[in-house]
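For reference, structure30.cif (mmCIF, C-alpha atoms):
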data_entry
loop_
_atom_site.label_atom_id
_atom_site.label_comp_id
_atom_site.auth_asym_id
_atom_site.auth_seq_id
_atom_site.Cartn_x
_atom_site.Cartn_y
_atom_site.Cartn_z
CA MET A 626 56.50 95.05 -12.57
CA ALA A 627 58.71 92.04 -12.02
CA ASN A 628 57.99 88.96 -14.04
CA THR A 629 57.13 86.82 -11.03
CA THR A 630 55.44 83.41 -11.08
CA THR A 631 51.70 83.85 -10.81
CA ALA A 632 50.50 80.31 -10.64
CA LYS A 633 48.43 79.58 -7.55
CA LYS A 634 50.29 76.37 -6.92
CA ARG A 635 54.03 76.63 -7.35
CA GLN A 636 55.35 73.91 -9.62
CA HIS A 637 58.45 71.90 -8.82
CA LEU A 638 61.43 73.57 -10.43
CA TYR A 639 63.91 71.00 -11.63
CA GLU A 640 66.41 73.64 -12.71
CA ILE A 641 66.88 74.47 -9.04
CA ASP A 642 67.38 70.78 -8.25
CA PHE A 643 70.09 70.63 -10.90
CA MET A 644 71.90 73.71 -9.61
CA ARG A 645 71.80 72.50 -6.01
CA ILE A 646 73.37 69.17 -6.97
CA PHE A 647 75.85 70.77 -9.37
CA PHE A 648 77.18 73.25 -6.82
CA THR A 649 77.32 70.60 -4.08
CA LEU A 650 79.37 68.29 -6.29
CA GLY A 651 81.53 71.25 -7.28
CA VAL A 652 82.30 72.13 -3.68
CA LEU A 653 83.20 68.51 -2.92
CA PHE A 654 85.45 68.45 -5.99
CA ASN A 655 87.31 71.60 -4.96
CA HIS A 656 87.87 70.32 -1.46
CA THR A 657 88.93 66.89 -2.72
CA VAL A 658 91.54 68.52 -4.95
CA ASN A 659 92.85 70.30 -1.84
CA GLN A 660 93.50 66.92 -0.23
CA PHE A 661 95.45 65.74 -3.27
CA THR A 662 97.58 68.86 -3.58
CA SER A 663 98.40 68.68 0.14
CA ALA A 664 99.77 65.18 -0.50
CA MET A 665 101.91 66.31 -3.47
CA THR A 666 105.49 67.49 -3.52
CA ASP A 667 106.50 70.72 -5.25
CA GLY A 668 106.76 70.34 -8.99
CA ASP A 669 105.03 70.89 -12.31
CA ALA A 670 102.16 68.55 -11.47
CA TYR A 671 101.48 70.32 -8.19
CA TYR A 672 101.36 73.80 -9.72
CA THR A 673 99.36 72.58 -12.73
CA VAL A 674 96.64 71.09 -10.53
CA ARG A 675 96.47 74.20 -8.34
CA SER A 676 96.24 76.36 -11.45
CA VAL A 677 93.49 74.27 -13.06
CA ARG A 678 91.55 74.22 -9.79
CA VAL A 679 91.01 77.98 -9.93
CA MET A 680 88.70 77.38 -12.91
CA PHE A 681 86.20 75.89 -10.46
CA HIS A 682 86.46 78.70 -7.93
CA TYR A 683 82.86 79.88 -8.41
CA THR A 684 81.00 77.26 -6.38
CA ARG A 685 80.76 79.30 -3.17
CA MET A 686 79.26 82.19 -5.10
CA GLY A 687 77.02 79.65 -6.81
CA PHE A 688 75.59 78.57 -3.47
CA ILE A 689 74.84 82.18 -2.55
CA PHE A 690 73.29 82.80 -5.97
CA ILE A 691 71.03 79.74 -5.74
CA SER A 692 70.04 80.76 -2.20
CA GLY A 693 68.90 84.10 -3.59
CA VAL A 694 66.92 82.30 -6.31
CA VAL A 695 65.22 79.86 -3.93
CA LEU A 696 64.38 82.44 -1.26
CA THR A 697 62.91 84.77 -3.89
CA LEU A 698 60.80 81.98 -5.34
CA THR A 699 59.46 81.03 -1.91
CA TYR A 700 59.26 84.25 0.10
CA PHE A 701 59.27 87.30 -2.18
CA LYS A 702 55.52 87.92 -1.89
CA LYS A 703 54.91 86.63 1.64
CA ASN A 704 56.64 89.28 3.81
CA ASP A 705 56.10 87.20 6.96
CA TRP A 706 59.65 87.69 8.13
CA SER A 707 59.32 86.42 11.70
CA LYS A 708 58.10 83.07 10.37
CA PHE A 709 60.77 83.18 7.67
CA LEU A 710 63.60 83.69 10.15
CA LYS A 711 62.28 81.07 12.55
CA LYS A 712 62.06 78.44 9.83
CA ARG A 713 65.33 79.21 8.07
CA PHE A 714 67.42 79.54 11.23
CA GLY A 715 65.78 76.43 12.67
CA GLY A 716 66.98 74.45 9.68
CA SER A 717 70.50 75.89 9.80
CA ILE A 718 71.67 76.60 13.32
CA TRP A 719 71.16 73.09 14.73
CA PRO A 720 72.99 71.28 11.92
CA TYR A 721 75.78 73.86 12.13
CA LEU A 722 76.24 73.50 15.88
CA SER A 723 75.89 69.71 15.79
CA TRP A 724 78.35 69.05 12.96
CA ASN A 725 80.99 71.30 14.50
CA ALA A 726 80.73 69.30 17.72
CA LEU A 727 80.61 65.89 16.04
CA LEU A 728 83.54 66.63 13.76
CA MET A 729 85.59 67.98 16.65
CA ILE A 730 84.98 64.71 18.48
CA LEU A 731 86.01 62.80 15.35
CA MET A 732 89.24 64.78 15.14
CA ILE A 733 90.03 64.00 18.77
CA LEU A 734 89.36 60.29 18.15
CA VAL A 735 91.73 60.16 15.16
CA GLY A 736 94.44 61.98 17.13
CA ASN A 737 94.47 65.35 15.39
CA PRO A 738 96.83 67.48 17.54
CA ASN A 739 94.78 70.65 16.94
CA TYR A 740 91.87 69.29 19.00
CA SER A 741 91.69 67.99 22.56
CA LEU A 742 89.14 67.38 25.29
CA ASN A 743 90.89 69.84 27.59
CA SER A 744 90.33 72.75 25.20
CA PHE A 745 87.08 71.49 23.70
CA GLY A 746 84.84 74.28 24.99
CA SER A 747 87.00 77.22 24.00
CA ARG A 748 87.96 75.65 20.68
CA TYR A 749 84.33 74.85 19.88
CA PHE A 750 83.24 78.41 20.64
CA THR A 751 85.97 79.80 18.38
CA ILE A 752 85.20 77.64 15.35
CA VAL A 753 81.45 78.19 15.72
CA MET A 754 81.87 81.96 15.82
CA HIS A 755 84.45 82.03 13.03
CA GLY A 756 83.23 79.22 10.77
CA SER A 757 86.90 78.35 10.47
CA SER A 758 86.84 74.55 10.45
CA PHE A 759 85.35 71.62 8.53
CA TYR A 760 84.37 73.76 5.50
CA LEU A 761 81.29 75.00 7.36
CA TYR A 762 81.95 78.67 6.60
CA TYR A 763 78.97 78.77 4.25
CA MET A 764 76.60 78.16 7.16
CA LEU A 765 77.68 81.45 8.74
CA LEU A 766 77.25 83.16 5.38
CA VAL A 767 73.77 81.78 4.77
CA MET A 768 72.54 82.72 8.23
CA GLN A 769 73.72 86.29 7.63
CA LEU A 770 72.00 86.09 4.24
CA TYR A 771 68.71 85.28 5.99
CA LEU A 772 69.05 88.46 8.07
CA LEU A 773 69.85 90.54 5.01
CA PHE A 774 67.25 89.03 2.67
CA PRO A 775 64.21 90.96 4.02
CA VAL A 776 66.08 94.21 3.39
CA ILE A 777 66.89 93.18 -0.17
CA VAL A 778 63.26 92.24 -0.80
CA TYR A 779 62.17 95.62 0.54
CA ILE A 780 64.55 97.36 -1.87
CA PHE A 781 63.19 95.43 -4.86
CA GLN A 782 59.58 95.97 -3.78
CA ARG A 783 60.07 99.64 -2.97
CA PHE A 784 61.80 100.47 -6.26
CA THR A 785 59.77 98.33 -8.62
CA ASN A 786 60.75 100.15 -11.80
CA PHE A 787 64.47 100.27 -11.07
CA HIS A 788 65.45 96.62 -10.68
CA SER A 789 68.14 96.72 -13.38
CA LEU A 790 69.61 99.85 -11.79
CA ILE A 791 69.61 98.14 -8.38
CA LEU A 792 71.53 95.19 -9.82
CA SER A 793 73.99 97.53 -11.55
CA ILE A 794 74.68 99.47 -8.35
CA SER A 795 75.15 96.20 -6.46
CA PHE A 796 77.67 95.09 -9.11
CA ILE A 797 79.64 98.34 -8.85
CA ILE A 798 79.72 98.04 -5.05
CA GLN A 799 80.93 94.44 -5.40
CA LEU A 800 83.74 95.50 -7.75
CA LEU A 801 84.82 98.31 -5.42
CA THR A 802 84.71 95.94 -2.44
CA ASP A 803 86.89 93.40 -4.21
CA PHE A 804 89.34 96.08 -5.35
CA TRP A 805 89.67 97.15 -1.71
CA VAL A 806 90.07 93.59 -0.43
CA LYS A 807 92.70 92.75 -3.06
CA PHE A 808 94.73 95.95 -3.17
CA GLY A 809 93.83 97.69 0.08
CA MET A 810 93.38 95.13 2.80
CA SER A 811 96.34 93.07 1.61
CA GLN A 812 98.57 96.08 2.37
CA THR A 813 96.86 97.00 5.65
CA ASP A 814 97.57 95.78 9.16
CA THR A 815 94.24 94.26 10.21
CA SER A 816 95.47 92.48 13.34
CA SER A 817 93.48 94.79 15.64
CA TRP A 818 90.28 94.65 13.55
CA PRO A 819 87.24 92.66 14.76
CA TYR A 820 87.32 89.21 13.19
CA TRP A 821 84.12 89.69 11.16
CA PHE A 822 85.63 92.73 9.40
CA LYS A 823 89.01 91.27 8.54
CA ALA A 824 87.80 87.75 7.68
CA VAL A 825 85.88 88.76 4.55
CA SER A 826 85.36 85.11 3.65
CA ILE A 827 82.58 84.92 6.25
CA ASN A 828 81.21 88.46 5.83
CA ILE A 829 78.03 88.34 3.74
CA PHE A 830 78.48 91.95 2.61
CA ALA A 831 81.56 90.80 0.70
CA TYR A 832 79.19 88.64 -1.40
CA GLN A 833 76.16 90.93 -1.59
CA PHE A 834 76.02 91.08 -5.40
CA TYR A 835 75.40 87.34 -5.72
CA ILE A 836 72.27 87.64 -3.57
CA PHE A 837 70.97 90.51 -5.69
CA PHE A 838 71.86 88.54 -8.82
CA GLY A 839 69.90 85.53 -7.58
CA VAL A 840 66.86 87.67 -6.72
CA TYR A 841 66.97 89.41 -10.09
CA ALA A 842 67.54 86.18 -12.03
CA TRP A 843 64.39 84.67 -10.60
CA LEU A 844 62.15 87.72 -10.78
CA TYR A 845 62.98 87.94 -14.48
CA HIS A 846 63.85 84.30 -15.08
CA GLU A 847 61.97 84.02 -18.39
CA LYS A 848 63.63 87.10 -19.84
CA VAL A 849 67.02 86.13 -18.44
CA TYR A 850 66.73 82.64 -19.90
CA ALA A 851 65.59 83.98 -23.29
CA PHE A 852 68.58 86.35 -23.36
CA LEU A 853 71.02 83.58 -22.41
CA ASP A 854 69.49 81.17 -24.91
CA LYS A 855 69.84 83.72 -27.69
CA HIS A 856 73.52 84.35 -26.91
CA ILE A 857 74.50 80.90 -25.62
CA LYS A 858 77.29 80.29 -28.16
CA LYS A 859 78.97 83.56 -27.23
CA LEU A 860 78.45 82.78 -23.55
CA VAL A 861 80.13 79.37 -23.88
CA VAL A 862 83.12 80.86 -25.72
CA LEU A 863 83.40 83.58 -23.08
CA ALA A 864 83.14 81.04 -20.25
CA ILE A 865 85.91 78.85 -21.70
CA SER A 866 88.13 81.85 -22.43
CA MET A 867 87.70 83.29 -18.94
CA ALA A 868 88.24 79.86 -17.35
CA PHE A 869 91.67 79.56 -18.96
CA GLY A 870 92.17 83.24 -18.22
CA MET A 871 91.82 82.35 -14.54
CA ILE A 872 95.03 80.32 -14.80
CA ILE A 873 96.91 83.26 -16.32
CA TYR A 874 95.36 85.58 -13.74
CA TYR A 875 96.44 83.34 -10.87
CA ARG A 876 99.89 82.15 -11.97
CA ILE A 877 101.20 85.16 -13.94
CA TRP A 878 99.34 88.24 -12.71
CA ASN A 879 98.82 87.39 -9.03
CA GLN A 880 101.82 85.24 -8.21
CA GLN A 881 104.56 86.40 -10.56
CA TYR A 882 103.72 90.04 -11.29
CA LEU A 883 101.99 91.12 -8.05
CA GLN A 884 103.93 88.50 -6.03
CA LEU A 885 100.97 87.71 -3.82
CA ASP A 886 101.14 84.82 -1.39
CA SER A 887 99.00 81.75 -2.04
CA ASP A 888 96.04 82.87 0.09
CA HIS A 889 95.75 86.28 -1.56
CA ALA A 890 96.42 84.89 -5.03
CA LEU A 891 93.56 82.40 -4.63
CA SER A 892 91.18 84.77 -2.85
CA LEU A 893 87.63 84.83 -4.21
CA HIS A 894 87.45 88.59 -3.66
CA GLN A 895 89.05 89.87 -6.86
CA PRO A 896 87.57 92.01 -9.66
CA TYR A 897 88.30 89.48 -12.42
CA ILE A 898 86.63 86.72 -10.43
CA VAL A 899 83.41 88.73 -10.07
CA CYS A 900 83.12 88.94 -13.85
CA TYR A 901 84.08 85.29 -14.26
CA ASP A 902 81.50 84.23 -11.68
CA ILE A 903 78.73 86.13 -13.48
CA VAL A 904 79.55 84.34 -16.72
CA MET A 905 79.74 80.89 -15.09
CA LEU A 906 76.60 81.33 -12.98
CA SER A 907 74.70 82.51 -16.04
CA LEU A 908 75.86 79.46 -17.99
CA ILE A 909 74.88 77.07 -15.19
CA PHE A 910 71.50 78.80 -14.87
CA TRP A 911 70.97 78.17 -18.60
CA ILE A 912 72.06 74.53 -18.28
CA GLY A 913 69.64 74.13 -15.37
CA LYS A 914 66.79 75.41 -17.54
CA LYS A 915 67.76 72.97 -20.28
CA TYR A 916 67.82 70.16 -17.74
CA ALA A 917 64.30 71.12 -16.60
CA GLU A 918 63.10 70.99 -20.22
CA ARG A 919 64.65 67.56 -20.64
CA GLN A 920 63.20 66.37 -17.35
CA ALA A 921 59.73 67.44 -18.47
CA ARG A 922 60.05 64.99 -21.37
CA GLY A 923 61.04 62.24 -18.95
CA LEU A 924 64.37 60.93 -17.69
CA PRO A 925 65.49 57.30 -17.43
CA ASN A 926 64.12 55.79 -14.21
CA TRP A 927 67.58 55.24 -12.73
CA LEU A 928 68.62 58.84 -13.38
CA GLN A 929 65.34 60.25 -12.05
CA SER A 930 65.69 58.20 -8.87
CA LEU A 931 69.32 59.27 -8.44
CA MET A 932 68.50 62.95 -8.89
CA ASP A 933 65.52 62.76 -6.52
CA ARG A 934 67.66 61.25 -3.80
CA ALA A 935 70.61 63.55 -4.38
CA VAL A 936 68.52 66.72 -4.12
CA LYS A 937 66.99 65.50 -0.84
CA VAL A 938 70.39 65.19 0.82
CA SER A 939 72.63 67.65 -1.08
CA PHE A 940 72.68 69.97 1.94
CA GLY A 941 73.65 67.07 4.17
CA MET A 942 76.44 66.08 1.78
CA TYR A 943 77.91 69.54 2.15
CA LEU A 944 77.67 69.37 5.96
CA ASN A 945 79.31 65.97 6.39
CA GLN A 946 81.94 66.21 3.64
CA THR A 947 84.79 66.40 6.17
CA VAL A 948 84.34 62.69 6.96
CA GLY A 949 84.95 61.61 3.37
CA LEU A 950 87.73 64.14 2.92
CA LEU A 951 89.44 62.89 6.08
CA ILE A 952 89.32 59.29 4.85
CA VAL A 953 90.75 60.22 1.45
CA SER A 954 93.44 62.41 3.01
CA THR A 955 94.48 59.64 5.40
CA ILE A 956 94.80 57.14 2.56
CA LEU A 957 96.83 59.53 0.40
CA HIS A 958 99.30 60.40 3.15
CA THR A 959 99.66 56.74 4.09
CA LEU A 960 100.44 55.58 0.54
CA SER A 961 102.84 58.44 -0.38
CA LEU A 962 102.11 58.18 -4.10
CA PRO A 963 104.06 60.03 -6.82
CA ASN A 964 102.60 63.26 -8.15
CA TRP A 965 101.63 61.87 -11.57
CA LEU A 966 99.59 59.09 -9.97
CA LEU A 967 97.91 61.51 -7.57
CA VAL A 968 96.79 63.60 -10.54
CA VAL A 969 95.29 60.54 -12.24
CA LEU A 970 93.48 59.51 -9.05
CA ILE A 971 91.77 62.87 -8.40
CA PRO A 972 88.47 61.79 -10.06
CA VAL A 973 88.53 58.55 -8.06
CA GLY A 974 89.09 60.43 -4.81
CA TRP A 975 86.25 62.80 -5.67
CA LEU A 976 83.86 59.89 -6.31
CA VAL A 977 84.87 58.32 -2.99
CA VAL A 978 84.11 61.57 -1.16
CA VAL A 979 80.77 61.90 -2.98
CA LEU A 980 79.74 58.32 -2.15
CA ILE A 981 80.72 58.63 1.52
CA SER A 982 78.97 61.98 1.87
CA PHE A 983 75.83 60.72 0.15
CA THR A 984 75.69 57.55 2.26
CA LEU A 985 76.03 59.47 5.52
CA ALA A 986 73.44 62.06 4.47
CA TRP A 987 70.99 59.42 3.24
CA THR A 988 71.39 57.53 6.51
CA CYS A 989 70.46 60.68 8.44
CA TYR A 990 67.53 61.27 6.11
CA LYS A 991 66.09 57.78 6.58
CA VAL A 992 66.88 57.03 10.23
CA PRO A 993 65.22 59.15 12.95
CA PRO A 994 66.17 61.21 14.84
CA PHE A 995 69.20 62.09 12.70
CA GLY A 996 67.33 63.99 10.00
CA PHE A 997 67.90 67.26 11.85
CA LEU A 998 71.62 66.88 11.11
CA ILE A 999 70.95 67.53 7.42
CA GLY A 1000 68.17 70.09 7.85
CA ARG A 1001 65.41 67.51 7.30
CA PRO A 1002 63.94 66.62 10.73
CA ASN A 1003 62.36 63.16 10.71
CA TRP A 1004 61.41 62.83 14.37
CA HIS A 1005 59.79 65.03 17.01
CA PRO A 1006 59.85 64.16 20.74
CA PHE A 1007 56.21 65.19 21.21
CA LYS A 1008 54.85 63.15 18.33
CA ASN A 1009 54.10 59.47 18.73
CA ARG A 1010 56.29 57.94 16.06
CA SER A 1011 58.10 54.66 16.18
CA LEU A 1012 61.60 54.47 14.81
CA PRO A 1013 61.73 52.58 11.51
CA SER A 1014 63.91 49.54 11.13
CA ILE A 1015 67.43 50.38 10.03
CA LYS A 1016 67.09 47.82 7.24
CA ASN A 1017 64.84 50.35 5.46
CA ILE A 1018 67.64 52.88 5.28
CA LEU A 1019 68.06 52.63 1.52
CA ILE A 1020 64.38 52.46 0.62
CA SER A 1021 63.24 55.59 -1.17
CA LYS A 1022 60.65 57.69 0.61
CA GLU A 1023 57.61 58.19 -1.60
#

Using structure tokens, write down the structure that the file contains.
Amino acid sequence: MANTTTAKKRQHLYEIDFMRIFFTLGVLFNHTVNQFTSAMTDGDAYYTVRSVRVMFHYTRMGFIFISGVVLTLTYFKKNDWSKFLKKRFGGSIWPYLSWNALLMILMILVGNPNYSLNSFGSRYFTIVMHGSSFYLYYMLLVMQLYLLFPVIVYIFQRFTNFHSLILSISFIIQLLTDFWVKFGMSQTDTSSWPYWFKAVSINIFAYQFYIFFGVYAWLYHEKVYAFLDKHIKKLVVLAISMAFGMIIYYRIWNQQYLQLDSDHALSLHQPYIVCYDIVMLSLIFWIGKKYAERQARGLPNWLQSLMDRAVKVSFGMYLNQTVGLLIVSTILHTLSLPNWLLVVLIPVGWLVVVLISFTLAWTCYKVPPFGFLIGRPNWHPFKNRSLPSIKNILISKE
């Protein structure tokens, strides 16, 4: 039988808080680097930054993994799927629809030629259905994940004594899928295929292993952690080796030997990346457990307050990141800096994006009715609540 949590009252799991924040900051870092490379000219600095960036190419899979962990923790034993779907979709669909509309309006206001009022309706419908703008693709993935999750739970509950086999089969299917995407689809004319089949980046079945991995990791979290803790030195060496191996894989194998274009060379759907992701997600899971142990002994007040606030709005930071990225991109293209200086300024740009995203998300969290924009509703039209003063925006909610 799975090693599930049996406590009547579920304790707060700080390792999950850590992973949520870590993956959010990682996504913002990756997308910030994109803004800097788009402002660079061709040269050694440009290709070096693009090569190093592939080391951090596991954050999307990390989000799917942590979703599997959290959903298993919360819903594995409940089996009330109508309530589950209502709650999870209610917290996802409205932010997704709202941010697509708001960010389209922002693009029109700043004069982006790809957006206009005349084509607003058709353009909005396209980006909502495709998840193709504003880095909101994950929202389409997670809503598909919600539909698939009850089936995955059924599989684990139905085959109680075969959980390791289930995970192994899922891994093999993932490898075969990525082999097909890399070596099959790249040589196939997919122009007539339905969008959901050819755009594997938004097809949840192209990421199915990471859901199974998240479910398994939580069902057996004590055993998984004990195994990782026992072999942590080997895991760290492997993680570092595979991280640098990603550069060789991208620059030499994909670009020079296979002569893939940039999109295919950087695709997440590659056999090597599956193995790399497993190593990195395992390491981050271990670090999260260590953070939880440290948190239990007490953190400095300033750090505890920062983490508490960040975890409340991490989802919102992901949703609104385009605003900060747009500001940074505009500054970079206005200044026309040399490549070496752009490389040096990457951490600064990342911090600017993080601060802007956090401020916007915290504002939504504290000021009704905007909480729904970050999946944390703070006002209901049928409840008699007065709007708090905006001066309380930065006061922590107890």

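Neighbouring residues of Ser793 in chain A at 12 Å or closer, counting all atoms listed in the file and skipping chain neighbours under 3 positions away, are A:Phe787, A:His788, A:Ser789, A:Leu790, A:Phe796, A:Ile797, A:Ile798, A:Gln799, A:Leu800, A:Phe834, A:Tyr835, A:Phe837, A:Phe838, A:Tyr841.
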
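Straight-line separation from CA of Ile872 in chain A to CA of Ser676 in chain A: 5.3 Å.
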
For Ala868 in chain A, the closest of A:Ala824, A:Cys900, A:Leu891, A:Pro819 counting only C-alpha atoms is A:Cys900

Selection result of the PyMOL selection byres ((chain A and resi 847) around 12) on this file, as a PyMOL selection string: chain A and resi 627-630+841-846+848-854+910-911+914

Kindly give the distance, in Å, that separates CA of Asn743 in chain A and CA of Ile730 in chain A, rounded to a single decimal. 12.0 Å

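Closest approach to Val948 in chain A among A:Val735, A:Met764, A:Ile827, A:Met867 is made by A:Val735 (distances from all atoms listed in the file).
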
When distances are computed from all atoms listed in the file, which of A:Leu722, A:Ile903, A:Val753, A:Ile912 shows the smallest separation from Ile641 in chain A? A:Ile912

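With CA of Tyr779 in chain A on one side and CA of Asn828 in chain A on the other, the separation reads 21.0 Å.
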
Report as an MDAnalysis selection string the full result of the PyMOL selection byres ((chain A and resi 973-989) around 6) when it is applied to this structure. chainID A and resid 654 657 938 941:942 946 949 970:972 990:992 995:996

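Comparing the minimum interatomic distances between Ser757 in chain A and each of A:Asn725, A:Leu893, A:Ile733, A:Leu773, counting all atoms listed in the file, we find that A:Asn725 sits nearest.
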